[in-house]
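S.K.: Please find one structure pasted underneath; my questions will follow.
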Amino acid sequence: KVKASMNGIIQAIRGEVVTTELILAGINSIFDARVPQDWMFSAGGDEISWISPTLGLWYAGLIGRDEQFRTWVNNVKRPLSFWLTGFSNPQGFLTGVQQEVTRNHKADKWSLDSVDVHTEVTEYDRSEQVVRPPKEGCYMHGLFLEGAAWSKGDISLVESTPKVLYVPLPVLFCTAVTKSQKRSMEGDYGPNGGFNCAVYKYPKRTDRFYIFTVVLATREKAPRHWILRGVALLCSTD
């Protein structure tokens, strides 16, 4: 899509093709360092790539996503940790994780309808620190906490540092467990239970950009405290 659009713009500048409204809009967007609309949305208005406010940020994301997929294909094995932002359909990726874990427990008669996504914050600050994959499930990175911070020592949500809007979350372990197993884990998140933290693609929190929910431990504060703080996880802070 990008290559075809750029070729059309170059040909229009050379006078080799007629400058259509779409080409003119692309030229104006690139001149203003904005992302052409047809690079982010289909003709029907569906999102076909991640939305970025500037062309530089969008292109950097494109390179990062291409690198993740090329490394995955060329190494013929999955990455040790997945960059969740690198997927245009992160919900589909999470469903794939659930399906894989469910197949591994076929002897236990697990079904996709009987399992939920389960996540745990690991001790790894960066994806480069991961040296081996988990026995089942996967590691994910690239999420940011808004409205709170994460304490590795307490393994809990804590108040954010003043004037710091976003805090990188350590690498996240993601797998699937049965609904009964998940209910039995509620006491592991603190005396008041865990905080159900919504994960969004962008700082604009709407149902359209919602991905899934991560349960985060909160040792000192009750979950309602973080609800009033407006805490959420974001894949992109732009």
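Residues in the structure tokens are numbered from 1 in each chain, the chains being A, B, ... in the order shown, and ligands are numbered from 1 in the order shown.
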Please run DSSP on the backbone and report, as a list in words, all residues within stretch 77-232 of chain A that come out as alpha helix (DSSP H).

M.R.: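 Across stretch 77-232 of chain A, those assigned alpha helix (DSSP H) are Pro90, Gln91, Gly92, Phe93, Leu94, Thr95, Gly96, Val97, Gln98, Gln99, Glu100, Val101, Thr102, Arg103, Asn104, Lys179, Ser180, Gln181, Lys182, Arg183, Ser184, Pro223, Arg224, His225, Trp226, Ile227, Leu228 and Arg229 of chain A.
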
S.K.: Under the rule of at most 10 Å, produce a per-residue listing of stretch 104-198 of chain A near stretch 65-79 of chain A: chain, number, name, the closest pair of atoms, and the distance in Å, as JSON lines, using only C-alpha atoms.

M.R.:
{"residue": "A:Ser127", "atom": "CA", "partner": "A:Pro79", "partner_atom": "CA", "distance": 9.9}
{"residue": "A:Val130", "atom": "CA", "partner": "A:Pro79", "partner_atom": "CA", "distance": 9.9}
{"residue": "A:Arg132", "atom": "CA", "partner": "A:Pro79", "partner_atom": "CA", "distance": 9.5}
{"residue": "A:Pro133", "atom": "CA", "partner": "A:Pro79", "partner_atom": "CA", "distance": 8.1}
{"residue": "A:Cys138", "atom": "CA", "partner": "A:Pro79", "partner_atom": "CA", "distance": 9.0}
{"residue": "A:Tyr139", "atom": "CA", "partner": "A:Pro79", "partner_atom": "CA", "distance": 8.9}
{"residue": "A:Met140", "atom": "CA", "partner": "A:Pro79", "partner_atom": "CA", "distance": 9.8}

S.K.: Just checking: using only C-alpha atoms, which residue out of A:Asp238, A:Ser151, A:Tyr202, A:Pro170 ends up closest to A:Ala217?

M.R.: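 For A:Ala217, the nearest of the given residues is A:Ser151.
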
S.K.: Taking 3 positions as the minimum chain separation for residues in the same chain, which residues sit within 8 Å of stretch 184-196 of chain A when counting only C-alpha atoms? Answer as JSON, numbers by chain.

M.R.: {"A": [180, 181, 213, 214, 215, 216, 217, 218, 219, 220, 222, 223, 224, 226]}

S.K.: Just N, CA, C and O atoms for this one: save the residues we selected as a short mmCIF file (atom, residue, chain, number, x, y, z; two decimals), in the first residue's frame.

M.R.:
data_model
loop_
_atom_site.label_atom_id
_atom_site.label_comp_id
_atom_site.auth_asym_id
_atom_site.auth_seq_id
_atom_site.Cartn_x
_atom_site.Cartn_y
_atom_site.Cartn_z
N SER A 180 -12.30 -21.61 36.64
CA SER A 180 -12.22 -21.98 38.06
C SER A 180 -10.83 -21.71 38.62
O SER A 180 -10.69 -21.26 39.77
N GLN A 181 -9.79 -21.95 37.83
CA GLN A 181 -8.42 -21.65 38.27
C GLN A 181 -8.25 -20.15 38.48
O GLN A 181 -7.59 -19.72 39.44
N THR A 213 -8.16 -7.19 29.25
CA THR A 213 -7.98 -6.74 30.64
C THR A 213 -6.88 -7.54 31.33
O THR A 213 -6.84 -8.76 31.22
N VAL A 214 -5.99 -6.83 32.00
CA VAL A 214 -4.90 -7.43 32.77
C VAL A 214 -5.21 -7.23 34.26
O VAL A 214 -5.56 -6.12 34.67
N VAL A 215 -5.08 -8.28 35.04
CA VAL A 215 -5.28 -8.17 36.49
C VAL A 215 -3.93 -7.87 37.14
O VAL A 215 -2.99 -8.67 37.03
N LEU A 216 -3.84 -6.73 37.80
CA LEU A 216 -2.59 -6.30 38.44
C LEU A 216 -2.74 -6.35 39.97
O LEU A 216 -3.79 -6.00 40.51
N ALA A 217 -1.68 -6.78 40.62
CA ALA A 217 -1.69 -6.87 42.09
C ALA A 217 -1.71 -5.48 42.70
O ALA A 217 -1.07 -4.55 42.21
N THR A 218 -2.46 -5.32 43.79
CA THR A 218 -2.48 -4.07 44.55
C THR A 218 -2.49 -4.43 46.02
O THR A 218 -3.51 -4.86 46.57
N ARG A 219 -1.32 -4.29 46.66
CA ARG A 219 -1.14 -4.76 48.04
C ARG A 219 -1.70 -3.80 49.09
O ARG A 219 -2.33 -4.21 50.04
N GLU A 220 -1.44 -2.49 48.90
CA GLU A 220 -1.81 -1.52 49.92
C GLU A 220 -3.15 -0.84 49.64
O GLU A 220 -3.91 -0.57 50.57
N ALA A 222 -6.91 -0.47 47.74
CA ALA A 222 -8.02 -1.26 47.20
C ALA A 222 -8.16 -0.97 45.71
O ALA A 222 -7.78 0.12 45.25
N PRO A 223 -8.69 -1.89 44.94
CA PRO A 223 -8.84 -1.67 43.49
C PRO A 223 -9.59 -0.39 43.14
O PRO A 223 -9.28 0.25 42.14
N ARG A 224 -10.57 -0.01 43.98
CA ARG A 224 -11.35 1.20 43.66
C ARG A 224 -10.47 2.46 43.66
O ARG A 224 -10.80 3.45 43.00
N TRP A 226 -7.51 2.72 42.34
CA TRP A 226 -6.92 2.85 41.01
C TRP A 226 -7.99 3.16 39.97
O TRP A 226 -7.69 3.76 38.93
#

S.K.: For the contact check between stretch 119-202 of chain A and stretch 100-111 of chain A, emit one row per residue of stretch 119-202 of chain A within 8 Å, containing the shortest atom pair and the distance in Å rounded to one decimal, counting only C-alpha atoms, chain then rising number order, as CSV.

M.R.:
residue,atom,partner,partner_atom,distance
A:Glu136,CA,A:Val101,CA,6.5
A:Gly137,CA,A:Val101,CA,6.5
A:Thr175,CA,A:Val101,CA,7.0
A:Ala176,CA,A:Val101,CA,6.2
A:Thr178,CA,A:Trp110,CA,7.6
